[in-house]
file target_9.cif (mmCIF, C-alpha atoms and all ligand atoms)
data_upload
loop_
_atom_site.label_atom_id
_atom_site.label_comp_id
_atom_site.auth_asym_id
_atom_site.auth_seq_id
_atom_site.Cartn_x
_atom_site.Cartn_y
_atom_site.Cartn_z
CA MET A 1 9.85 -10.80 39.03
CA THR A 2 13.40 -12.18 38.79
CA GLU A 3 15.91 -10.18 36.73
CA LYS A 4 17.13 -12.33 33.81
CA LEU A 5 20.91 -11.95 33.78
CA TYR A 6 21.17 -14.59 31.02
CA TRP A 7 19.55 -12.14 28.60
CA ALA A 8 22.54 -9.82 28.80
CA ASP A 9 25.19 -12.56 28.52
CA ALA A 10 24.32 -16.16 27.64
CA THR A 11 27.96 -17.23 27.99
CA ALA A 12 28.37 -16.16 31.65
CA LEU A 13 28.44 -19.16 33.96
CA ALA A 14 28.63 -17.68 37.48
CA PHE A 15 27.02 -14.77 39.35
CA GLU A 16 26.72 -13.39 42.85
CA THR A 17 23.73 -11.89 44.62
CA THR A 18 21.85 -11.81 47.94
CA GLY A 19 18.20 -11.93 48.91
CA ALA A 20 17.54 -15.68 48.66
CA VAL A 21 13.96 -16.73 49.45
CA LEU A 22 12.95 -20.32 50.21
CA SER A 23 9.95 -21.38 48.11
CA THR A 24 8.39 -24.32 46.28
CA HIS A 25 7.51 -25.04 42.67
CA ASP A 26 5.15 -27.93 41.88
CA ASP A 27 5.77 -29.35 45.38
CA ARG A 28 9.55 -29.25 44.92
CA THR A 29 11.73 -27.11 47.16
CA SER A 30 13.15 -24.09 45.34
CA ILE A 31 15.19 -20.95 45.91
CA VAL A 32 14.04 -17.65 44.39
CA LEU A 33 16.62 -14.89 43.86
CA PRO A 34 16.23 -11.24 42.78
CA ARG A 35 18.44 -11.99 39.73
CA THR A 36 19.86 -15.09 38.09
CA LEU A 37 21.81 -16.57 35.18
CA PHE A 38 19.74 -19.79 35.40
CA TYR A 39 17.43 -20.06 32.39
CA PRO A 40 13.95 -21.37 33.33
CA GLU A 41 12.30 -23.96 31.08
CA GLY A 42 10.28 -22.25 28.39
CA GLY A 43 10.08 -21.48 24.69
CA GLY A 44 10.89 -25.13 23.99
CA GLN A 45 14.20 -24.95 25.90
CA LEU A 46 14.89 -26.99 29.06
CA GLY A 47 15.78 -25.26 32.34
CA ASP A 48 19.36 -24.92 33.58
CA ALA A 49 21.01 -26.95 36.34
CA GLY A 50 24.00 -26.17 38.54
CA THR A 51 24.74 -25.13 42.11
CA LEU A 52 23.82 -22.32 44.48
CA ALA A 53 26.23 -21.64 47.35
CA ILE A 54 24.29 -19.80 50.06
CA GLY A 55 26.66 -18.73 52.84
CA GLU A 56 28.76 -21.83 53.49
CA VAL A 57 26.23 -24.33 52.11
CA GLU A 58 26.31 -25.52 48.49
CA LEU A 59 22.96 -26.66 47.08
CA SER A 60 22.41 -28.71 43.95
CA VAL A 61 19.96 -27.12 41.46
CA VAL A 62 18.42 -29.88 39.30
CA ASP A 63 16.00 -27.76 37.27
CA THR A 64 14.90 -24.16 36.76
CA GLN A 65 11.26 -23.07 36.31
CA ILE A 66 9.39 -19.77 36.11
CA ASP A 67 6.00 -19.15 37.73
CA GLY A 68 3.08 -17.00 36.61
CA ASP A 69 4.44 -13.96 38.50
CA GLY A 70 7.78 -14.12 36.69
CA ALA A 71 9.68 -15.50 39.71
CA ILE A 72 12.42 -17.90 38.65
CA HIS A 73 12.64 -21.01 40.86
CA HIS A 74 15.97 -22.80 41.29
CA VAL A 75 14.56 -26.27 41.99
CA LEU A 76 16.65 -28.19 44.52
CA GLY A 77 17.50 -31.87 44.31
CA ALA A 78 16.38 -32.44 47.93
CA PRO A 79 14.38 -30.58 50.60
CA LEU A 80 16.42 -28.07 52.56
CA GLN A 81 17.52 -29.22 56.03
CA GLY A 82 19.92 -28.31 58.80
CA GLU A 83 21.29 -24.94 59.80
CA LEU A 84 20.51 -23.20 56.48
CA ALA A 85 16.84 -24.25 56.71
CA ALA A 86 16.80 -22.70 60.20
CA ARG A 87 18.33 -19.46 58.85
CA PHE A 88 15.52 -19.25 56.28
CA ARG A 89 12.90 -19.87 59.00
CA GLU A 90 14.41 -17.09 61.13
CA GLY A 91 14.38 -14.71 58.12
CA ALA A 92 18.15 -14.39 58.32
CA ALA A 93 19.04 -16.06 55.01
CA ALA A 94 18.27 -13.07 52.77
CA ALA A 95 21.43 -11.33 53.96
CA LEU A 96 23.68 -14.30 53.08
CA PRO A 97 25.86 -14.04 49.96
CA VAL A 98 24.71 -16.31 47.13
CA ARG A 99 27.01 -17.61 44.40
CA GLY A 100 25.34 -19.38 41.50
CA SER A 101 27.23 -21.61 39.07
CA LEU A 102 25.73 -23.15 35.94
CA ASP A 103 26.26 -26.69 34.69
CA ARG A 104 28.39 -25.54 31.77
CA ALA A 105 28.01 -28.59 29.52
CA ARG A 106 24.21 -28.57 29.87
CA ARG A 107 23.93 -24.83 29.13
CA ARG A 108 26.33 -25.00 26.17
CA ASP A 109 24.35 -27.92 24.76
CA HIS A 110 21.06 -26.00 25.13
CA MET A 111 22.58 -22.93 23.43
CA ALA A 112 23.83 -25.01 20.51
CA GLN A 113 20.49 -26.82 20.05
CA HIS A 114 18.52 -23.58 20.35
CA THR A 115 20.63 -21.64 17.88
CA ALA A 116 20.60 -24.65 15.54
CA GLN A 117 16.80 -24.63 15.77
CA HIS A 118 16.60 -20.95 14.74
CA ALA A 119 18.92 -21.54 11.78
CA LEU A 120 17.21 -24.77 10.71
CA SER A 121 13.74 -23.20 10.97
CA ARG A 122 14.95 -20.43 8.63
CA ALA A 123 16.60 -22.92 6.27
CA LEU A 124 13.44 -25.08 6.12
CA ALA A 125 11.40 -21.97 5.29
CA ASP A 126 13.89 -20.89 2.59
CA ARG A 127 14.61 -24.26 0.99
CA ALA A 128 11.45 -26.29 1.64
CA LYS A 129 8.74 -23.59 2.01
CA ALA A 130 8.05 -25.13 5.42
CA ASP A 131 7.29 -22.69 8.24
CA THR A 132 7.94 -23.67 11.84
CA VAL A 133 4.79 -24.06 13.95
CA SER A 134 6.52 -25.19 17.15
CA ALA A 135 9.84 -26.58 18.35
CA ARG A 136 11.01 -28.68 21.29
CA LEU A 137 14.58 -28.94 22.50
CA GLY A 138 14.69 -32.16 24.50
CA ALA A 139 17.42 -33.73 26.59
CA SER A 140 18.19 -36.24 23.84
CA LEU A 141 16.28 -35.15 20.72
CA CYS A 142 15.17 -31.83 19.26
CA THR A 143 12.20 -31.49 16.92
CA ILE A 144 10.61 -28.83 14.73
CA ASP A 145 6.99 -29.16 13.56
CA VAL A 146 6.45 -27.50 10.18
CA ASN A 147 3.21 -26.63 8.40
CA ARG A 148 3.64 -29.14 5.58
CA PRO A 149 2.64 -32.81 5.58
CA GLY A 150 5.85 -33.85 3.82
CA ILE A 151 9.16 -32.57 2.44
CA ALA A 152 11.15 -34.23 -0.35
CA ASN A 153 14.52 -35.62 0.73
CA GLN A 154 16.41 -33.33 -1.61
CA ASP A 155 14.74 -30.27 -0.04
CA LEU A 156 15.66 -31.52 3.44
CA HIS A 157 19.25 -31.98 2.27
CA GLN A 158 19.28 -28.46 0.82
CA ALA A 159 18.01 -27.03 4.11
CA GLU A 160 20.66 -29.04 5.98
CA ASP A 161 23.36 -27.79 3.60
CA LEU A 162 22.22 -24.19 4.02
CA VAL A 163 22.19 -24.27 7.81
CA ASN A 164 25.66 -25.87 7.89
CA ALA A 165 26.95 -23.22 5.48
CA ILE A 166 25.74 -20.58 7.97
CA VAL A 167 27.50 -22.51 10.75
CA MET A 168 30.75 -22.61 8.76
CA ASP A 169 30.47 -18.89 7.93
CA ASP A 170 30.58 -18.31 11.72
CA VAL A 171 28.27 -15.29 11.64
CA ALA A 172 27.34 -13.28 14.73
CA VAL A 173 24.21 -14.05 16.76
CA THR A 174 22.98 -10.97 18.59
CA THR A 175 20.03 -10.00 20.78
CA SER A 176 18.24 -6.67 21.03
CA PHE A 177 15.11 -4.94 22.30
CA PRO A 178 14.05 -2.80 19.30
CA SER A 179 11.55 0.02 19.69
CA ALA A 180 8.04 -0.53 18.32
CA GLU A 181 8.99 1.53 15.24
CA GLU A 182 12.16 -0.50 14.65
CA LEU A 183 10.29 -3.72 15.23
CA ALA A 184 7.78 -2.82 12.53
CA THR A 185 10.62 -2.56 9.98
CA LEU A 186 12.13 -5.97 10.83
CA SER A 187 11.37 -9.04 8.74
CA LEU A 188 10.55 -11.38 11.63
CA ARG A 189 10.33 -15.14 10.94
CA LYS A 190 7.45 -15.40 13.45
CA GLN A 191 5.28 -12.98 15.34
CA PRO A 192 6.20 -12.10 18.94
CA ASN A 193 4.14 -13.56 21.78
CA ALA A 194 5.51 -14.62 25.15
CA GLU A 195 8.86 -12.95 24.53
CA LYS A 196 7.36 -9.59 25.47
CA SER A 197 8.84 -8.17 28.66
CA ALA A 198 9.15 -4.85 30.45
CA LYS A 199 11.92 -4.03 27.97
CA GLY A 200 9.69 -4.85 24.97
CA VAL A 201 10.14 -7.66 22.48
CA ARG A 202 13.49 -9.47 22.59
CA VAL A 203 14.77 -10.20 19.11
CA VAL A 204 17.49 -12.72 18.19
CA THR A 205 19.36 -12.06 14.95
CA ILE A 206 21.59 -14.46 13.06
CA GLU A 207 23.46 -11.89 11.01
CA GLY A 208 22.24 -11.70 7.43
CA PHE A 209 20.11 -14.82 7.83
CA ASP A 210 17.35 -14.88 10.43
CA VAL A 211 15.52 -12.46 12.72
CA THR A 212 13.03 -13.83 15.23
CA PRO A 213 11.61 -12.95 18.66
CA CYS A 214 12.93 -15.29 21.36
CA GLY A 215 13.65 -15.27 25.09
CA GLY A 216 16.08 -18.22 25.15
CA THR A 217 19.84 -18.56 25.41
CA HIS A 218 21.83 -18.74 22.17
CA CYS A 219 25.39 -19.04 20.92
CA THR A 220 27.13 -15.73 20.21
CA ARG A 221 28.40 -16.97 16.84
CA THR A 222 27.02 -19.73 14.61
CA GLY A 223 30.41 -21.48 14.54
CA GLN A 224 29.77 -22.51 18.17
CA ILE A 225 26.95 -24.77 16.95
CA GLY A 226 29.56 -27.02 15.31
CA GLN A 227 27.17 -28.77 12.93
CA VAL A 228 23.47 -29.48 12.41
CA ARG A 229 22.11 -32.80 11.19
CA ILE A 230 18.53 -33.72 10.32
CA VAL A 231 18.08 -37.26 11.63
CA GLY A 232 14.46 -38.06 10.81
CA THR A 233 10.95 -36.97 9.86
CA GLU A 234 7.51 -38.25 10.79
CA LYS A 235 3.98 -37.16 10.05
CA TYR A 236 2.35 -35.51 13.07
CA LYS A 237 -1.22 -34.12 13.19
CA GLY A 238 -1.18 -33.11 9.52
CA MET A 239 2.26 -31.53 9.91
CA LEU A 240 5.78 -32.86 9.55
CA ARG A 241 7.97 -33.33 12.62
CA VAL A 242 11.64 -32.85 11.70
CA SER A 243 14.16 -34.28 14.21
CA PHE A 244 17.66 -32.84 14.36
CA HIS A 245 20.84 -32.75 16.41
CA GLY A 246 23.14 -29.77 16.84
CA GLY A 247 26.61 -29.45 18.31
CA ALA A 248 28.30 -32.35 20.10
CA ARG A 249 25.08 -34.39 19.87
CA ALA A 250 25.31 -34.31 16.07
CA LEU A 251 28.84 -35.72 16.25
CA SER A 252 28.05 -38.48 18.77
CA ASP A 253 24.93 -39.49 16.84
CA ALA A 254 26.85 -39.59 13.54
CA ARG A 255 29.58 -41.65 15.22
CA PHE A 256 27.00 -44.12 16.58
CA ARG A 257 25.33 -44.53 13.16
CA HIS A 258 28.69 -44.83 11.40
CA GLN A 259 29.83 -47.53 13.83
CA ALA A 260 26.57 -49.45 13.34
CA LEU A 261 26.98 -49.32 9.55
CA LEU A 262 30.62 -50.44 9.84
CA GLU A 263 29.68 -53.43 11.98
CA ILE A 264 26.85 -54.38 9.61
CA SER A 265 29.07 -54.14 6.53
CA THR A 266 31.85 -56.11 8.25
CA GLU A 267 29.28 -58.81 9.03
CA LEU A 268 28.17 -58.76 5.39
CA THR A 269 31.83 -58.71 4.20
CA CYS A 270 31.28 -55.66 2.01
CA GLY A 271 31.96 -51.93 2.08
CA PRO A 272 29.50 -49.56 3.85
CA HIS A 273 28.17 -48.34 0.48
CA ASP A 274 27.32 -51.90 -0.59
CA ALA A 275 25.61 -52.84 2.69
CA LEU A 276 22.08 -52.01 1.51
CA GLY A 277 22.47 -54.08 -1.68
CA ALA A 278 23.85 -56.98 0.38
CA VAL A 279 20.92 -56.80 2.84
CA LEU A 280 18.34 -56.70 0.02
CA LYS A 281 20.02 -59.71 -1.63
CA LEU A 282 19.99 -61.62 1.68
CA ARG A 283 16.32 -60.80 2.21
CA ALA A 284 15.42 -62.03 -1.27
CA GLU A 285 17.40 -65.22 -0.65
CA ALA A 286 15.72 -65.72 2.72
CA LYS A 287 12.28 -65.24 1.14
CA GLY A 288 13.07 -67.83 -1.54
CA ALA A 289 14.41 -70.27 1.05
CA ARG A 290 11.31 -69.78 3.20
CA GLU A 291 9.03 -70.54 0.25
CA LYS A 292 10.99 -73.72 -0.51
CA LEU A 293 10.89 -74.70 3.16
CA ASP A 294 7.11 -74.14 3.31
CA GLY A 295 6.68 -76.39 0.26
CA ALA A 296 8.89 -79.11 1.76
CA ARG A 297 7.04 -78.89 5.09
CA ALA A 298 3.65 -79.26 3.43
CA GLU A 299 4.94 -82.29 1.52
CA LEU A 300 6.41 -83.82 4.67
CA ALA A 301 3.24 -83.13 6.65
CA GLU A 302 1.19 -84.87 3.96
CA LEU A 303 3.47 -87.95 4.08
CA LEU A 304 3.41 -88.09 7.89
CA ALA A 305 -0.38 -87.69 7.95
CA GLN A 306 -0.76 -90.41 5.36
CA ARG A 307 1.35 -92.80 7.49
CA VAL A 308 -0.72 -91.97 10.58
CA ARG A 309 -4.02 -92.48 8.72
CA GLU A 310 -2.89 -95.91 7.46
CA ALA A 311 -2.10 -96.97 11.03
CA LEU A 312 -5.45 -95.83 12.47
CA PRO A 313 -7.94 -98.51 13.48
CA GLN A 314 -11.17 -98.79 11.49
CA ALA A 315 -13.28 -97.83 14.55
CA PRO A 316 -15.23 -94.56 14.23
CA GLY A 317 -13.07 -92.86 16.90
CA PRO A 318 -12.27 -90.33 18.13
CA HIS A 319 -8.57 -91.30 18.00
CA VAL A 320 -5.92 -89.32 19.84
CA VAL A 321 -2.78 -89.13 17.72
CA HIS A 322 0.48 -87.66 18.95
CA LEU A 323 3.71 -86.81 17.16
CA ALA A 324 6.93 -85.45 18.66
CA ARG A 325 8.69 -83.20 16.16
CA PRO A 326 11.66 -81.83 18.17
CA HIS A 327 13.12 -79.89 15.22
CA ASP A 328 9.88 -78.28 14.05
CA ASP A 329 8.90 -74.72 14.91
CA LEU A 330 5.35 -73.57 15.63
CA ALA A 331 4.56 -72.81 11.96
CA ALA A 332 5.50 -76.38 10.94
CA LEU A 333 3.52 -77.87 13.85
CA ARG A 334 0.40 -75.95 12.75
CA VAL A 335 0.68 -77.29 9.20
CA LEU A 336 1.12 -80.85 10.50
CA ALA A 337 -1.84 -80.60 12.93
CA GLY A 338 -3.97 -79.31 10.05
CA LYS A 339 -3.05 -82.25 7.82
CA LEU A 340 -3.60 -84.86 10.54
CA THR A 341 -7.09 -83.57 11.33
CA GLU A 342 -8.25 -83.75 7.72
CA ASP A 343 -9.41 -87.13 9.03
CA ALA A 344 -12.49 -86.07 11.03
CA ARG A 345 -11.90 -88.78 13.68
CA VAL A 346 -8.48 -87.49 14.73
CA VAL A 347 -7.56 -85.39 17.75
CA ALA A 348 -3.93 -84.42 17.02
CA LEU A 349 -1.26 -83.41 19.54
CA VAL A 350 1.99 -82.34 17.90
CA GLY A 351 4.88 -81.15 20.00
CA GLY A 352 8.03 -79.27 19.07
CA HIS A 353 10.90 -77.65 20.89
CA ASP A 354 11.65 -73.92 21.23
CA PRO A 355 15.42 -73.68 20.77
CA GLY A 356 15.46 -70.30 22.51
CA SER A 357 13.64 -71.11 25.75
CA GLY A 358 14.01 -74.90 25.63
CA GLU A 359 10.25 -75.23 26.23
CA THR A 360 8.03 -77.89 24.70
CA VAL A 361 5.67 -76.25 22.22
CA LEU A 362 2.31 -77.94 21.70
CA VAL A 363 -0.44 -77.65 19.09
CA VAL A 364 -3.70 -79.48 19.76
CA GLN A 365 -6.32 -79.67 17.01
CA ARG A 366 -9.42 -81.75 16.56
CA GLY A 367 -11.01 -83.11 13.37
CA ALA A 368 -14.55 -82.18 12.40
CA GLY A 369 -15.94 -85.12 14.39
CA GLY A 370 -13.83 -84.43 17.48
CA LYS A 371 -15.32 -83.70 20.87
CA LEU A 372 -12.31 -82.52 22.89
CA ASP A 373 -12.36 -78.83 23.90
CA CYS A 374 -8.75 -78.12 22.85
CA GLY A 375 -8.61 -74.65 24.44
CA ALA A 376 -9.90 -75.87 27.82
CA PHE A 377 -7.56 -78.89 27.69
CA VAL A 378 -4.39 -76.85 26.97
CA SER A 379 -5.34 -74.25 29.55
CA ALA A 380 -5.94 -76.92 32.26
CA GLU A 381 -2.76 -78.86 31.42
CA GLY A 382 -0.77 -75.61 31.36
CA LYS A 383 -1.92 -74.81 34.89
CA ALA A 384 -1.26 -78.34 36.12
CA ARG A 385 2.22 -78.67 34.61
CA GLY A 386 3.70 -75.19 35.04
CA GLY A 387 3.08 -74.18 31.43
CA ARG A 388 0.65 -71.81 29.77
CA GLY A 389 -1.59 -71.58 26.73
CA GLY A 390 -5.12 -71.85 25.44
CA GLY A 391 -7.23 -71.29 22.35
CA ARG A 392 -10.49 -72.22 20.75
CA PRO A 393 -12.34 -75.55 21.18
CA GLU A 394 -11.17 -76.57 17.67
CA ARG A 395 -7.50 -75.65 18.07
CA ALA A 396 -5.18 -74.48 20.83
CA GLU A 397 -1.50 -73.91 21.51
CA GLY A 398 0.61 -74.07 24.62
CA ARG A 399 4.10 -73.98 26.06
CA PHE A 400 5.32 -76.41 28.71
CA PRO A 401 8.50 -76.70 30.75
CA ARG A 402 11.54 -78.25 29.06
CA GLY A 403 11.28 -82.03 28.76
CA THR A 404 7.46 -82.26 29.07
CA SER A 405 6.52 -85.48 27.23
CA ILE A 406 4.06 -85.32 24.31
CA GLU A 407 3.11 -88.91 25.08
CA VAL A 408 2.06 -87.95 28.63
CA LEU A 409 0.02 -85.02 27.27
CA ALA A 410 -1.62 -87.37 24.73
CA THR A 411 -2.60 -89.76 27.54
CA ALA A 412 -4.10 -86.79 29.43
CA ALA A 413 -5.99 -85.82 26.25
CA SER A 414 -7.39 -89.36 25.95
CA VAL A 415 -8.60 -89.16 29.57
CA ALA A 416 -10.14 -85.72 29.00
CA LEU A 417 -11.80 -87.00 25.85
CA ALA A 418 -13.19 -90.10 27.60
CA ASN A 419 -14.58 -87.87 30.37
CA SER A 420 -16.25 -85.58 27.83
CA LEU A 421 -17.95 -88.44 25.95
CA PRO A 422 -21.32 -89.82 27.09
CA SER A 423 -20.74 -93.23 28.75
ZN ZN A 501 15.71 -18.88 20.58
#

call {"tool": "encode", "arguments": {"input": "target_9.cif", "output": "structure tokens"}}
result
Amino acid sequence: MTEKLYWADATALAFETTGAVLSTHDDRTSIVLPRTLFYPEGGGQLGDAGTLAIGEVELSVVDTQIDGDGAIHHVLGAPLQGELAARFREGAAAALPVRGSLDRARRRDHMAQHTAQHALSRALADRAKADTVSARLGASLCTIDVNRPGIANQDLHQAEDLVNAIVMDDVAVTTSFPSAEELATLSLRKQPNAEKSAKGVRVVTIEGFDVTPCGGTHCTRTGQIGQVRIVGTEKYKGMLRVSFHGGARALSDARFRHQALLEISTELTCGPHDALGAVLKLRAEAKGAREKLDGARAELAELLAQRVREALPQAPGPHVVHLARPHDDLAALRVLAGKLTEDARVVALVGGHDPGSGETVLVVQRGAGGKLDCGAFVSAEGKARGGRGGGRPERAEGRFPRGTSIEVLATAASVALANSLPS
């Protein structure tokens, strides 16, 4: 079992030892040491990274894990090769001096997120009657699952205010291994489980605020957290998942959101506080405009269909009718195809233009008396002409390369129709 030096001092960043053993963890090469400052992933906290200098060779540690026997594995970025690998094979590496150095920024970030989690869990219990069931401290987002399906915004804000007041008070964060008798007198936020060790239960105390068993690495004072911000909630398996950022992450996230709001309000030519009102007004205007456009399209489609019907021969059909509508989008083409095929004899091909891709967009629809299998036709033409599409026998849609002529497709439809009719 590896001695956990990080329990005595979470702020220490370098240590020296000997007795390195070459090992593996989940098929990755690792180094096991008799003692280490590297925190292994666990308790919701990610493992440390850094370097191990063994003799003259410096190795990159990309992750730290602990196995079932309590051995802490410094997982290497690449398999060990060269002279040092030979020293391990010969059994001569254990005598080499080892100097371990932590990735400071990563460790400091983990400490800030972890301490923020303790404080926020307490604040959520105090202000929102929401007890923490589990917590995860990820590389980009931290979450706490609480035993309530929802929390009112004002309660979340109160919890956020409380935890930031504790941060600003800069109170001490201490760790201890109380005796069983002492432990029984403590008002623990949660019951101890995996934090038990040979020394007993490790307890982390935020002075005057929170006492909880934990084996992780924490700030030594709450001021080191900087700030804590709740950034979202979502329902999760009957609980509520609260997302938060602590420390430098909280600042960079706030900066990102602030910048986004500034750019939006500049675009809307209003102040940040008026941006929501401006967006809602725009949406209402867009909805009204869309309704007017739909009405105008239906009217236009009716007029176009009427003109086409008047030009149709008296013969019983079927008649293939095509219309190129370069400025119409798919929604308008569908309306037009529907109107045209109110005459049961009509097989309609209406083509538009996708301004984004430049492709020709096609809707093919047959009237009630039509015989063309529209889906099969569009699918076959798509394959033949480098396009794609398909649909039902009654109606189908496709996309064809830029410049594909609707007239040519209509001729192909006439041929397909003639082939499908009994001669
Ligand atoms: Zn902790």

call {"tool": "residues_around", "arguments": {"input": "target_9.cif", "residues": "Ala94 (chain A)", "least_positions_apart": "4", "cutoff": "8 Å", "atoms": "all atoms listed in the file", "output": "list in words"}}
result
Thr18, Gly19, Ala20, Val21 and Phe88 of chain A

call {"tool": "residues_around", "arguments": {"input": "target_9.cif", "residues": "Lys129 (chain A)", "least_positions_apart": "4", "cutoff": "10 Å", "atoms": "only C-alpha atoms", "output": "CSV table (one decimal) with C-alpha atoms, in the coordinates of the input"}}
result
chain,number,residue,atom,x,y,z
A,122,ARG,CA,15.0,-20.4,8.6
A,123,ALA,CA,16.6,-22.9,6.3
A,124,LEU,CA,13.4,-25.1,6.1
A,125,ALA,CA,11.4,-22.0,5.3
A,146,VAL,CA,6.4,-27.5,10.2
A,147,ASN,CA,3.2,-26.6,8.4
A,148,ARG,CA,3.6,-29.1,5.6
A,151,ILE,CA,9.2,-32.6,2.4
A,155,ASP,CA,14.7,-30.3,0.0

call {"tool": "closest_residue", "arguments": {"input": "target_9.cif", "among": "A:Arg28, A:His245, A:His157, A:Lys287", "to": "Thr115 (chain A)", "atoms": "only C-alpha atoms"}}
result
A:His245

call {"tool": "residues_near_point", "arguments": {"input": "target_9.cif", "point": "(24.3, -38.7, 19.3)", "cutoff": "12 Å", "atoms": "all atoms listed in the file", "output": "number ranges by chain"}}
result
A: 139-142, 228-231, 244-259

call {"tool": "closest_residue", "arguments": {"input": "target_9.cif", "among": "A:Ile144, A:Ile31, A:Val361, A:Ile72", "to": "Gly232 (chain A)", "atoms": "all atoms listed in the file"}}
result
A:Ile144

call {"tool": "atom_distance", "arguments": {"input": "target_9.cif", "atom1": "CA of Glu234 (chain A)", "atom2": "CA of Pro213 (chain A)"}}
result
26.8 Å

call {"tool": "residues_around", "arguments": {"input": "target_9.cif", "residues": "region 98-102 of chain A", "least_positions_apart": "3", "cutoff": "10 Å", "atoms": "all atoms listed in the file", "output": "VMD selection string"}}
result
chain A and resid 12 to 20 33 36 to 39 48 to 61 74 93 to 95 105 to 108

call {"tool": "residues_near_ligand", "arguments": {"input": "target_9.cif", "ligand": "ligand ZN 501 (chain A)", "cutoff": "6 Å", "atoms": "all atoms listed in the file", "output": "list in words"}}
result
His114, Cys214 and Gly216 of chain A

call {"tool": "residues_around", "arguments": {"input": "target_9.cif", "residues": "region 389-391 of chain A", "least_positions_apart": "3", "cutoff": "10 Å", "atoms": "only C-alpha atoms", "output": "PDB file with C-alpha atoms, keeping the file's coordinate frame"}}
result
ATOM      1  CA  VAL A 361       5.670 -76.250  22.220  1.00  0.00           C
ATOM      2  CA  LEU A 362       2.310 -77.940  21.700  1.00  0.00           C
ATOM      3  CA  VAL A 363      -0.440 -77.650  19.090  1.00  0.00           C
ATOM      4  CA  VAL A 364      -3.700 -79.480  19.760  1.00  0.00           C
ATOM      5  CA  GLN A 365      -6.320 -79.670  17.010  1.00  0.00           C
ATOM      6  CA  ASP A 373     -12.360 -78.830  23.900  1.00  0.00           C
ATOM      7  CA  CYS A 374      -8.750 -78.120  22.850  1.00  0.00           C
ATOM      8  CA  GLY A 375      -8.610 -74.650  24.440  1.00  0.00           C
ATOM      9  CA  ALA A 376      -9.900 -75.870  27.820  1.00  0.00           C
ATOM     10  CA  PHE A 377      -7.560 -78.890  27.690  1.00  0.00           C
ATOM     11  CA  VAL A 378      -4.390 -76.850  26.970  1.00  0.00           C
ATOM     12  CA  SER A 379      -5.340 -74.250  29.550  1.00  0.00           C
ATOM     13  CA  ALA A 380      -5.940 -76.920  32.260  1.00  0.00           C
ATOM     14  CA  GLU A 381      -2.760 -78.860  31.420  1.00  0.00           C
ATOM     15  CA  GLY A 382      -0.770 -75.610  31.360  1.00  0.00           C
ATOM     16  CA  LYS A 383      -1.920 -74.810  34.890  1.00  0.00           C
ATOM     17  CA  GLU A 394     -11.170 -76.570  17.670  1.00  0.00           C
ATOM     18  CA  ARG A 395      -7.500 -75.650  18.070  1.00  0.00           C
ATOM     19  CA  ALA A 396      -5.180 -74.480  20.830  1.00  0.00           C
ATOM     20  CA  GLU A 397      -1.500 -73.910  21.510  1.00  0.00           C
ATOM     21  CA  GLY A 398       0.610 -74.070  24.620  1.00  0.00           C
ATOM     22  CA  ARG A 399       4.100 -73.980  26.060  1.00  0.00           C
ATOM     23  CA  PHE A 400       5.320 -76.410  28.710  1.00  0.00           C
TER      24      PHE A 400
END

call {"tool": "closest_residue", "arguments": {"input": "target_9.cif", "among": "A:Leu120, A:Thr217, A:Thr175, A:Glu83", "to": "Thr11 (chain A)", "atoms": "all atoms listed in the file"}}
result
A:Thr217

call {"tool": "closest_residue", "arguments": {"input": "target_9.cif", "among": "A:Thr212, A:Val62, A:Asp169, A:Gly271", "to": "Leu76 (chain A)", "atoms": "all atoms listed in the file"}}
result
A:Val62

call {"tool": "residues_around", "arguments": {"input": "target_9.cif", "residues": "region 333-338 of chain A", "least_positions_apart": "2", "cutoff": "10 Å", "atoms": "all atoms listed in the file", "output": "ChimeraX atom specification"}}
result
/A:294,297-305,321-325,327-331,340-343,346-352,361-367,395-397

call {"tool": "atom_distance", "arguments": {"input": "target_9.cif", "atom1": "CA of Pro79 (chain A)", "atom2": "CA of Asp103 (chain A)"}}
result
20.2 Å

call {"tool": "axis_aligned_box", "arguments": {"input": "target_9.cif", "around": "region 139-146 of chain A", "padding_each_side": "5 Å", "output": "lines of an AutoDock Vina configuration file"}}
result
center_x = 12.3
center_y = -31.9
center_z = 18.4
size_x = 21.7
size_y = 18.7
size_z = 26.4

call {"tool": "atom_distance", "arguments": {"input": "target_9.cif", "atom1": "CA of Ile406 (chain A)", "atom2": "CA of Ser420 (chain A)"}}
result
20.6 Å

call {"tool": "closest_residue", "arguments": {"input": "target_9.cif", "among": "A:Leu268, A:Ala165, A:Ala296, A:Ile66", "to": "Gly43 (chain A)", "atoms": "all atoms listed in the file"}}
result
A:Ile66

call {"tool": "closest_residue", "arguments": {"input": "target_9.cif", "among": "A:Pro40, A:Pro318, A:Lys339, A:Arg241", "to": "Gln306 (chain A)", "atoms": "only C-alpha atoms"}}
result
A:Lys339
